[in-house]
Amino acid sequence: MLNQVNPFYLKNEMIATIKTTVRTEGMVLLREFFLPSSFTVLDKSTRNGWSLRCVPDRYCSQTRPAHPVRSLIRSFSRLVTGKEPLSQLPLRFSHRSYTLLHDEDSSASGVVALFFLDDWPQGCGGEIVFVHHGTTILRVLPVKNSLLLVRCARGTRYFVKYVNHKAKKRSFRVL
Amino acid sequence: MHEQLPAKVRKELALWVNDAYLQDKKIVALRKSFLSASPFSHLALCDLLLEKKFAQLERAVRRLPMDRKEADLFSFLQSGDLLACKDPTIRSFLSFWESDAFRTYLFLITGIKTKSIDSAAFCYEAGDYLLCHDDRLSGRKIAYVLQFDTRKQSDGGALALLGADRFGRPTAALKRLIPTRNTLTLFKVTKTSHHQVEEVLSGTRLTVTGWFHA
């Protein structure tokens, strides 16, 4: 399955660099992660089938059945971090979508692996914000065909900032 | 519960509150309205304060320095603690707001005894919001929002009151209160007082907001 991944990221020296970056910087954003042909297939296969999930004091976004590409993301994440990434539902965010931090959220240490299918402009909300014991440690805007890997210490959690009206009809998908 | 305002209390209230709100029949009607309101006990008092007093307060509030506050739950501008504010108009207002007379008035309407307040000014600009929460925190009994802007529904910024399922979890917005200048909104803080300030789409939404505490 890894043959769908940009071969640039599969070279031994690059894997070593990613490992080092995640260990020292705590995060890495791998752009052009899938080969263009694979990304096109992935993009088309995740355009439909989304349904609203909304618990107002927890989250409001759209989700769909798990996509097989998630197992590839897990494999790659294990390869470069040595850790199984935390589970992640496919999510789509558009105007009025958000997630909130919640006391019941897992705050165990681990690796968060998020794959973005769409670019997202600044100023519309939608940033993925990582918080460690109340302090913001990282803000990331989705970038099309990019894999975000974040090493989270115990107590680090993340939320997706409310998507405001400036987003208009735009949306972004996360697998 | 007493249904009539003691004369001394009425005299003190009359320095700030429009006379229409001080009539005994009106107070009885307000109490019924508060207690029977859905999805939880609340009330909106339009044109509550005397216009001259309100206009003075409005000028003082609009001059307050504010800082941008951002978290998962909210995005807005907020003043410092108004109880520490040195502005004489704001001090005078809060002195009235916290007075025995005004808290007696609130007790007649809500049936809830309170002892103290906290207070801050908030300004929501386009794109700002406060997502769903229930306000519960030790001692908070009644939440209040005093509005300084009149807005249209299409401007956003409504205070939305959400229903609750059988487990007390929030469901959908069942009522939207559109901000109107010189309107005081009160609601009882409970485990199901789920509410949110919907995103402001244009203009600003200025309020003085806080809680009456036990």
# chains A, B, ... in the order shown; residues from 1 in each chain; ligands from 1

call {"tool": "residues_around", "arguments": {"residues": "Arg154 (chain A)", "least_positions_apart": "2", "cutoff": "10 Å", "atoms": "only C-alpha atoms", "output": "list in words"}}
result
Ser106, Ser107, Ala108, Ser109, Gly110, His132, His133, Arg151, Cys152, Thr156 and Arg157 of chain A

call {"tool": "write_last_selection", "arguments": {"atoms": "C-alpha atoms", "output": "short mmCIF file (atom, residue, chain, number, x, y, z; two decimals), in the first residue's frame"}}
result
data_model
loop_
_atom_site.label_atom_id
_atom_site.label_comp_id
_atom_site.auth_asym_id
_atom_site.auth_seq_id
_atom_site.Cartn_x
_atom_site.Cartn_y
_atom_site.Cartn_z
CA SER A 106 -8.04 11.31 25.94
CA SER A 107 -5.01 13.17 27.23
CA ALA A 108 -2.68 10.18 27.00
CA SER A 109 0.62 10.62 25.19
CA GLY A 110 0.84 9.46 21.58
CA HIS A 132 -0.94 21.52 26.47
CA HIS A 133 -2.50 22.09 29.90
CA ARG A 151 3.93 13.96 18.99
CA CYS A 152 1.68 14.68 21.94
CA THR A 156 -1.85 17.60 25.10
CA ARG A 157 -5.15 17.74 23.25
#

call {"tool": "interface_residues", "arguments": {"of": "chain A", "to": "chain B", "cutoff": "9 Å", "atoms": "only C-alpha atoms", "output": "VMD selection string"}}
result
chain A and resid 54 to 58 96 98 to 101 124 to 125 129 159 to 166

call {"tool": "write_last_selection", "arguments": {"atoms": "N, CA and C atoms", "output": "compact mmCIF listing (two decimals), in the first residue's frame"}}
result
# COMPACT_ATOMS: atom_id res chain seq x y z
N CYS A 54 -23.50 16.13 15.39
CA CYS A 54 -23.49 17.37 16.19
C CYS A 54 -23.93 17.09 17.61
N VAL A 55 -23.03 17.25 18.54
CA VAL A 55 -23.34 17.29 19.97
C VAL A 55 -22.84 18.68 20.39
N PRO A 56 -23.76 19.65 20.54
CA PRO A 56 -23.34 21.06 20.58
C PRO A 56 -22.24 21.39 21.58
N ASP A 57 -22.18 20.69 22.72
CA ASP A 57 -21.13 21.04 23.68
C ASP A 57 -19.88 20.18 23.49
N ARG A 58 -19.80 19.44 22.36
CA ARG A 58 -18.62 18.62 22.07
C ARG A 58 -18.05 18.90 20.68
N ARG A 96 -19.71 26.86 10.46
CA ARG A 96 -20.35 26.47 11.73
C ARG A 96 -19.84 25.14 12.28
N TYR A 98 -17.01 22.79 14.26
CA TYR A 98 -15.99 22.99 15.31
C TYR A 98 -15.84 21.70 16.10
N THR A 99 -14.78 21.62 16.87
CA THR A 99 -14.72 20.65 17.96
C THR A 99 -14.28 21.40 19.21
N LEU A 100 -14.71 20.92 20.35
CA LEU A 100 -14.35 21.54 21.63
C LEU A 100 -13.50 20.57 22.45
N LEU A 101 -12.62 21.13 23.24
CA LEU A 101 -11.91 20.30 24.22
C LEU A 101 -12.91 19.84 25.26
N CYS A 124 -10.59 32.14 8.35
CA CYS A 124 -11.92 31.50 8.29
C CYS A 124 -12.15 30.59 9.48
N GLY A 125 -11.25 30.60 10.47
CA GLY A 125 -11.31 29.58 11.52
C GLY A 125 -10.76 28.28 10.94
N VAL A 129 -5.76 23.32 16.56
CA VAL A 129 -5.03 23.97 17.64
C VAL A 129 -4.68 22.93 18.70
N PHE A 159 -8.12 20.84 19.24
CA PHE A 159 -9.48 21.12 18.79
C PHE A 159 -9.41 21.80 17.43
N VAL A 160 -10.55 21.79 16.75
CA VAL A 160 -10.66 22.50 15.47
C VAL A 160 -11.47 23.76 15.72
N LYS A 161 -10.85 24.89 15.45
CA LYS A 161 -11.47 26.17 15.75
C LYS A 161 -12.72 26.37 14.87
N TYR A 162 -13.73 26.95 15.46
CA TYR A 162 -15.01 27.22 14.78
C TYR A 162 -14.77 27.83 13.39
N VAL A 163 -15.43 27.26 12.39
CA VAL A 163 -15.30 27.78 11.02
C VAL A 163 -16.32 28.89 10.82
N ASN A 164 -15.83 30.08 10.54
CA ASN A 164 -16.73 31.23 10.48
C ASN A 164 -17.28 31.49 9.07
N HIS A 165 -18.11 32.52 8.97
CA HIS A 165 -18.85 32.77 7.73
C HIS A 165 -17.95 33.16 6.56
N LYS A 166 -16.70 33.55 6.86
CA LYS A 166 -15.80 33.92 5.77
C LYS A 166 -15.43 32.69 4.91

call {"tool": "atom_distance", "arguments": {"atom1": "CA of Ser36 (chain B)", "atom2": "CA of Phe54 (chain B)"}}
result
28.7 Å

call {"tool": "closest_residue", "arguments": {"among": "A:Asp103, A:Glu127, A:Glu84, A:Asp43", "to": "Leu175 (chain A)", "atoms": "only C-alpha atoms"}}
result
A:Asp43

call {"tool": "closest_residue", "arguments": {"among": "A:Ser146, A:Pro90, A:Val80, A:Phe130", "to": "Asn12 (chain A)", "atoms": "only C-alpha atoms"}}
result
A:Val80

call {"tool": "closest_residue", "arguments": {"among": "A:Ser87, A:Thr24, A:Thr63, A:Gln4", "to": "Arg173 (chain A)", "atoms": "only C-alpha atoms"}}
result
A:Thr63

call {"tool": "atom_distance", "arguments": {"atom1": "CA of Thr114 (chain B)", "atom2": "CA of Lys141 (chain B)"}}
result
7.2 Å

call {"tool": "residues_around", "arguments": {"residues": "Ser138 (chain B)", "least_positions_apart": "3", "cutoff": "10 Å", "atoms": "only C-alpha atoms", "output": "ChimeraX atom specification"}}
result
/B:135,141,213-214

call {"tool": "write_last_selection", "arguments": {"atoms": "N, CA and C atoms", "output": "short mmCIF file (atom, residue, chain, number, x, y, z; two decimals), in the first residue's frame"}}
result
data_model
loop_
_atom_site.label_atom_id
_atom_site.label_comp_id
_atom_site.auth_asym_id
_atom_site.auth_seq_id
_atom_site.Cartn_x
_atom_site.Cartn_y
_atom_site.Cartn_z
N ASP B 135 -22.78 27.40 31.66
CA ASP B 135 -22.47 28.46 32.64
C ASP B 135 -22.24 27.96 34.05
N LYS B 141 -25.86 31.69 40.09
CA LYS B 141 -27.29 31.37 40.19
C LYS B 141 -28.08 31.95 39.01
N HIS B 213 -24.45 35.77 42.11
CA HIS B 213 -23.97 34.60 42.85
C HIS B 213 -24.73 34.40 44.17
N ALA B 214 -24.75 33.14 44.61
CA ALA B 214 -25.38 32.83 45.90
C ALA B 214 -24.50 33.36 47.02
#

call {"tool": "residues_around", "arguments": {"residues": "region 55-65 of chain B", "least_positions_apart": "2", "cutoff": "12 Å", "atoms": "only C-alpha atoms", "output": "PyMOL selection string"}}
result
chain B and resi 16+47+49-53+67-68+77-82+85-94+119-123+146-149+181-182+204-209

call {"tool": "atom_distance", "arguments": {"atom1": "CA of Leu5 (chain B)", "atom2": "CA of Ser38 (chain B)"}}
result
26.5 Å

call {"tool": "select_by_dssp", "arguments": {"residues": "region 38-166 of chain A", "states": "strand (DSSP E or B)", "output": "ChimeraX atom specification"}}
result
/A:51-55,59-63,85,91-94,98-99,110-116,128-132,135-140,146-152,156-160

call {"tool": "residues_around", "arguments": {"residues": "region 65-71 of chain A", "least_positions_apart": "4", "cutoff": "12 Å", "atoms": "only C-alpha atoms", "output": "PyMOL selection string"}}
result
chain A and resi 1-2+4-5+34+38-39+41-43+45-51+75-78+84-92+113-117+147+173-175

call {"tool": "write_last_selection", "arguments": {"atoms": "C-alpha atoms", "output": "PDB file, in the first residue's frame"}}
result
ATOM      1  CA  MET A   1       0.000   0.000   0.000  1.00  0.00           C
ATOM      2  CA  LEU A   2       2.889   2.370   0.710  1.00  0.00           C
ATOM      3  CA  GLN A   4       0.742   5.233  -3.123  1.00  0.00           C
ATOM      4  CA  VAL A   5       2.983   7.487  -1.016  1.00  0.00           C
ATOM      5  CA  PHE A  34       0.454  10.907  -1.897  1.00  0.00           C
ATOM      6  CA  SER A  38      -3.346   8.260  -5.848  1.00  0.00           C
ATOM      7  CA  PHE A  39      -4.439  11.588  -4.415  1.00  0.00           C
ATOM      8  CA  VAL A  41      -8.519   8.745  -6.551  1.00  0.00           C
ATOM      9  CA  LEU A  42      -8.600   9.473  -2.822  1.00  0.00           C
ATOM     10  CA  ASP A  43     -10.067  12.934  -3.407  1.00  0.00           C
ATOM     11  CA  SER A  45     -13.654   8.685  -3.244  1.00  0.00           C
ATOM     12  CA  THR A  46     -14.186  11.028  -0.288  1.00  0.00           C
ATOM     13  CA  ARG A  47     -16.328  13.723  -1.878  1.00  0.00           C
ATOM     14  CA  ASN A  48     -19.638  12.087  -0.939  1.00  0.00           C
ATOM     15  CA  GLY A  49     -21.151  10.096   1.868  1.00  0.00           C
ATOM     16  CA  TRP A  50     -20.763  12.699   4.601  1.00  0.00           C
ATOM     17  CA  SER A  51     -23.406  13.095   7.294  1.00  0.00           C
ATOM     18  CA  SER A  75       1.461   2.147   8.850  1.00  0.00           C
ATOM     19  CA  PHE A  76       3.447   5.193   7.725  1.00  0.00           C
ATOM     20  CA  SER A  77       3.073   6.828  11.113  1.00  0.00           C
ATOM     21  CA  ARG A  78       4.365   3.663  12.826  1.00  0.00           C
ATOM     22  CA  GLU A  84       0.529   3.695  16.637  1.00  0.00           C
ATOM     23  CA  PRO A  85      -1.286   6.980  15.956  1.00  0.00           C
ATOM     24  CA  LEU A  86      -4.380   7.869  17.965  1.00  0.00           C
ATOM     25  CA  SER A  87      -7.651   6.910  16.310  1.00  0.00           C
ATOM     26  CA  GLN A  88      -9.216   9.472  14.002  1.00  0.00           C
ATOM     27  CA  LEU A  89     -12.642   9.600  12.342  1.00  0.00           C
ATOM     28  CA  PRO A  90     -12.932  11.005   8.821  1.00  0.00           C
ATOM     29  CA  LEU A  91     -14.219  14.544   9.330  1.00  0.00           C
ATOM     30  CA  ARG A  92     -15.361  17.381   7.106  1.00  0.00           C
ATOM     31  CA  ALA A 113      -1.730  11.711  12.414  1.00  0.00           C
ATOM     32  CA  LEU A 114      -4.072  13.874  10.324  1.00  0.00           C
ATOM     33  CA  PHE A 115      -4.254  13.754   6.558  1.00  0.00           C
ATOM     34  CA  PHE A 116      -5.697  16.842   4.853  1.00  0.00           C
ATOM     35  CA  LEU A 117      -7.448  16.608   1.510  1.00  0.00           C
ATOM     36  CA  LEU A 147       0.071  14.537   6.393  1.00  0.00           C
ATOM     37  CA  ARG A 173     -11.695  17.036   4.849  1.00  0.00           C
ATOM     38  CA  VAL A 174      -9.464  15.250   7.352  1.00  0.00           C
ATOM     39  CA  LEU A 175      -8.780  11.518   7.283  1.00  0.00           C
TER      40      LEU A 175
END

call {"tool": "residues_around", "arguments": {"residues": "Ser33 (chain B)", "least_positions_apart": "3", "cutoff": "10 Å", "atoms": "only C-alpha atoms", "output": "ChimeraX atom specification"}}
result
/B:27-30,36-38,41-44,109-110

call {"tool": "closest_residue", "arguments": {"among": "A:Gln122, A:Gly82, A:His95, A:Gly134", "to": "Val22 (chain A)", "atoms": "only C-alpha atoms"}}
result
A:Gly82

call {"tool": "decode", "arguments": {"residues": "region 10-144 of chain A", "atoms": "C-alpha atoms", "output": "tab-separated table (two decimals), in the first residue's frame"}}
result
chain	number	residue	atom	x	y	z
A	10	LEU	CA	10.08	6.51	1.66
A	11	LYS	CA	13.82	6.96	1.26
A	12	ASN	CA	15.73	5.78	4.29
A	13	GLU	CA	17.47	9.11	4.84
A	14	MET	CA	14.11	10.96	4.62
A	15	ILE	CA	12.50	8.58	7.09
A	16	ALA	CA	15.40	9.25	9.45
A	17	THR	CA	14.95	13.01	8.98
A	18	ILE	CA	11.20	12.80	9.69
A	19	LYS	CA	11.91	10.70	12.80
A	20	THR	CA	14.37	13.31	14.03
A	21	THR	CA	12.05	16.20	13.23
A	22	VAL	CA	9.11	14.64	15.08
A	23	ARG	CA	11.37	13.87	18.05
A	24	THR	CA	12.99	17.31	18.25
A	25	GLU	CA	10.30	19.66	16.88
A	26	GLY	CA	7.29	17.65	18.03
A	27	MET	CA	5.61	17.87	14.63
A	28	VAL	CA	6.05	17.64	10.91
A	29	LEU	CA	3.81	18.49	7.95
A	30	LEU	CA	4.54	16.31	4.92
A	31	ARG	CA	3.30	18.08	1.78
A	32	GLU	CA	2.47	16.26	-1.47
A	33	PHE	CA	2.22	13.14	0.63
A	34	PHE	CA	0.45	10.91	-1.90
A	35	LEU	CA	1.42	10.53	-5.52
A	36	PRO	CA	-0.80	12.78	-7.68
A	37	SER	CA	-2.64	9.84	-9.25
A	38	SER	CA	-3.35	8.26	-5.85
A	39	PHE	CA	-4.44	11.59	-4.41
A	40	THR	CA	-6.90	12.12	-7.26
A	41	VAL	CA	-8.52	8.74	-6.55
A	42	LEU	CA	-8.60	9.47	-2.82
A	43	ASP	CA	-10.07	12.93	-3.41
A	44	LYS	CA	-12.88	11.57	-5.60
A	45	SER	CA	-13.65	8.69	-3.24
A	46	THR	CA	-14.19	11.03	-0.29
A	47	ARG	CA	-16.33	13.72	-1.88
A	48	ASN	CA	-19.64	12.09	-0.94
A	49	GLY	CA	-21.15	10.10	1.87
A	50	TRP	CA	-20.76	12.70	4.60
A	51	SER	CA	-23.41	13.09	7.29
A	52	LEU	CA	-23.78	15.63	10.08
A	53	ARG	CA	-22.73	14.73	13.62
A	54	CYS	CA	-23.49	17.37	16.19
A	55	VAL	CA	-23.34	17.29	19.97
A	56	PRO	CA	-23.34	21.06	20.58
A	57	ASP	CA	-21.13	21.04	23.68
A	58	ARG	CA	-18.62	18.62	22.07
A	59	TYR	CA	-18.44	18.96	18.30
A	60	CYS	CA	-20.31	19.82	15.14
A	61	SER	CA	-18.95	18.56	11.82
A	62	GLN	CA	-19.60	15.88	9.22
A	63	THR	CA	-18.31	12.35	9.21
A	64	ARG	CA	-18.40	9.31	6.94
A	65	PRO	CA	-17.46	5.62	7.27
A	66	ALA	CA	-13.77	4.97	7.90
A	67	HIS	CA	-11.65	5.07	4.74
A	68	PRO	CA	-9.15	2.27	3.95
A	69	VAL	CA	-6.40	4.87	3.47
A	70	ARG	CA	-6.35	5.31	7.24
A	71	SER	CA	-4.56	1.97	7.62
A	72	LEU	CA	-1.85	3.24	5.27
A	73	ILE	CA	-1.54	6.43	7.34
A	74	ARG	CA	-1.23	4.29	10.47
A	75	SER	CA	1.46	2.15	8.85
A	76	PHE	CA	3.45	5.19	7.73
A	77	SER	CA	3.07	6.83	11.11
A	78	ARG	CA	4.36	3.66	12.83
A	79	LEU	CA	7.26	3.55	10.38
A	80	VAL	CA	8.44	7.08	11.08
A	81	THR	CA	7.49	7.51	14.74
A	82	GLY	CA	7.53	3.95	16.03
A	83	LYS	CA	4.09	4.57	17.55
A	84	GLU	CA	0.53	3.69	16.64
A	85	PRO	CA	-1.29	6.98	15.96
A	86	LEU	CA	-4.38	7.87	17.97
A	87	SER	CA	-7.65	6.91	16.31
A	88	GLN	CA	-9.22	9.47	14.00
A	89	LEU	CA	-12.64	9.60	12.34
A	90	PRO	CA	-12.93	11.01	8.82
A	91	LEU	CA	-14.22	14.54	9.33
A	92	ARG	CA	-15.36	17.38	7.11
A	93	PHE	CA	-15.52	20.95	8.35
A	94	SER	CA	-17.48	23.82	6.83
A	95	HIS	CA	-19.19	26.99	8.10
A	96	ARG	CA	-20.35	26.47	11.73
A	97	SER	CA	-18.23	23.32	12.24
A	98	TYR	CA	-15.99	22.99	15.31
A	99	THR	CA	-14.72	20.65	17.96
A	100	LEU	CA	-14.35	21.54	21.63
A	101	LEU	CA	-11.91	20.30	24.22
A	102	HIS	CA	-13.68	18.12	26.72
A	103	ASP	CA	-12.76	16.69	30.08
A	104	GLU	CA	-13.46	13.17	28.78
A	105	ASP	CA	-11.04	13.56	25.85
A	106	SER	CA	-8.04	11.31	25.94
A	107	SER	CA	-5.01	13.17	27.23
A	108	ALA	CA	-2.68	10.18	27.00
A	109	SER	CA	0.62	10.62	25.19
A	110	GLY	CA	0.84	9.46	21.58
A	111	VAL	CA	1.06	10.52	17.97
A	112	VAL	CA	-1.69	12.39	16.17
A	113	ALA	CA	-1.73	11.71	12.41
A	114	LEU	CA	-4.07	13.87	10.32
A	115	PHE	CA	-4.25	13.75	6.56
A	116	PHE	CA	-5.70	16.84	4.85
A	117	LEU	CA	-7.45	16.61	1.51
A	118	ASP	CA	-8.02	20.34	1.04
A	119	ASP	CA	-6.24	23.65	1.34
A	120	TRP	CA	-7.71	26.08	3.81
A	121	PRO	CA	-7.27	29.86	3.87
A	122	GLN	CA	-6.37	31.92	6.90
A	123	GLY	CA	-9.07	34.01	8.61
A	124	CYS	CA	-11.92	31.50	8.29
A	125	GLY	CA	-11.31	29.58	11.52
A	126	GLY	CA	-10.71	25.86	11.03
A	127	GLU	CA	-7.19	25.87	12.48
A	128	ILE	CA	-6.18	22.67	14.26
A	129	VAL	CA	-5.03	23.97	17.64
A	130	PHE	CA	-2.93	21.83	19.98
A	131	VAL	CA	-3.12	22.77	23.65
A	132	HIS	CA	-0.94	21.52	26.47
A	133	HIS	CA	-2.50	22.09	29.90
A	134	GLY	CA	-4.28	25.22	28.68
A	135	THR	CA	-1.39	26.68	26.66
A	136	THR	CA	-1.54	26.72	22.87
A	137	ILE	CA	1.56	24.98	21.55
A	138	LEU	CA	0.73	24.58	17.85
A	139	ARG	CA	-1.70	25.94	15.25
A	140	VAL	CA	-1.95	24.30	11.84
A	141	LEU	CA	-4.02	25.21	8.80
A	142	PRO	CA	-4.98	22.32	6.53
A	143	VAL	CA	-2.86	21.97	3.39
A	144	LYS	CA	-4.06	19.85	0.47
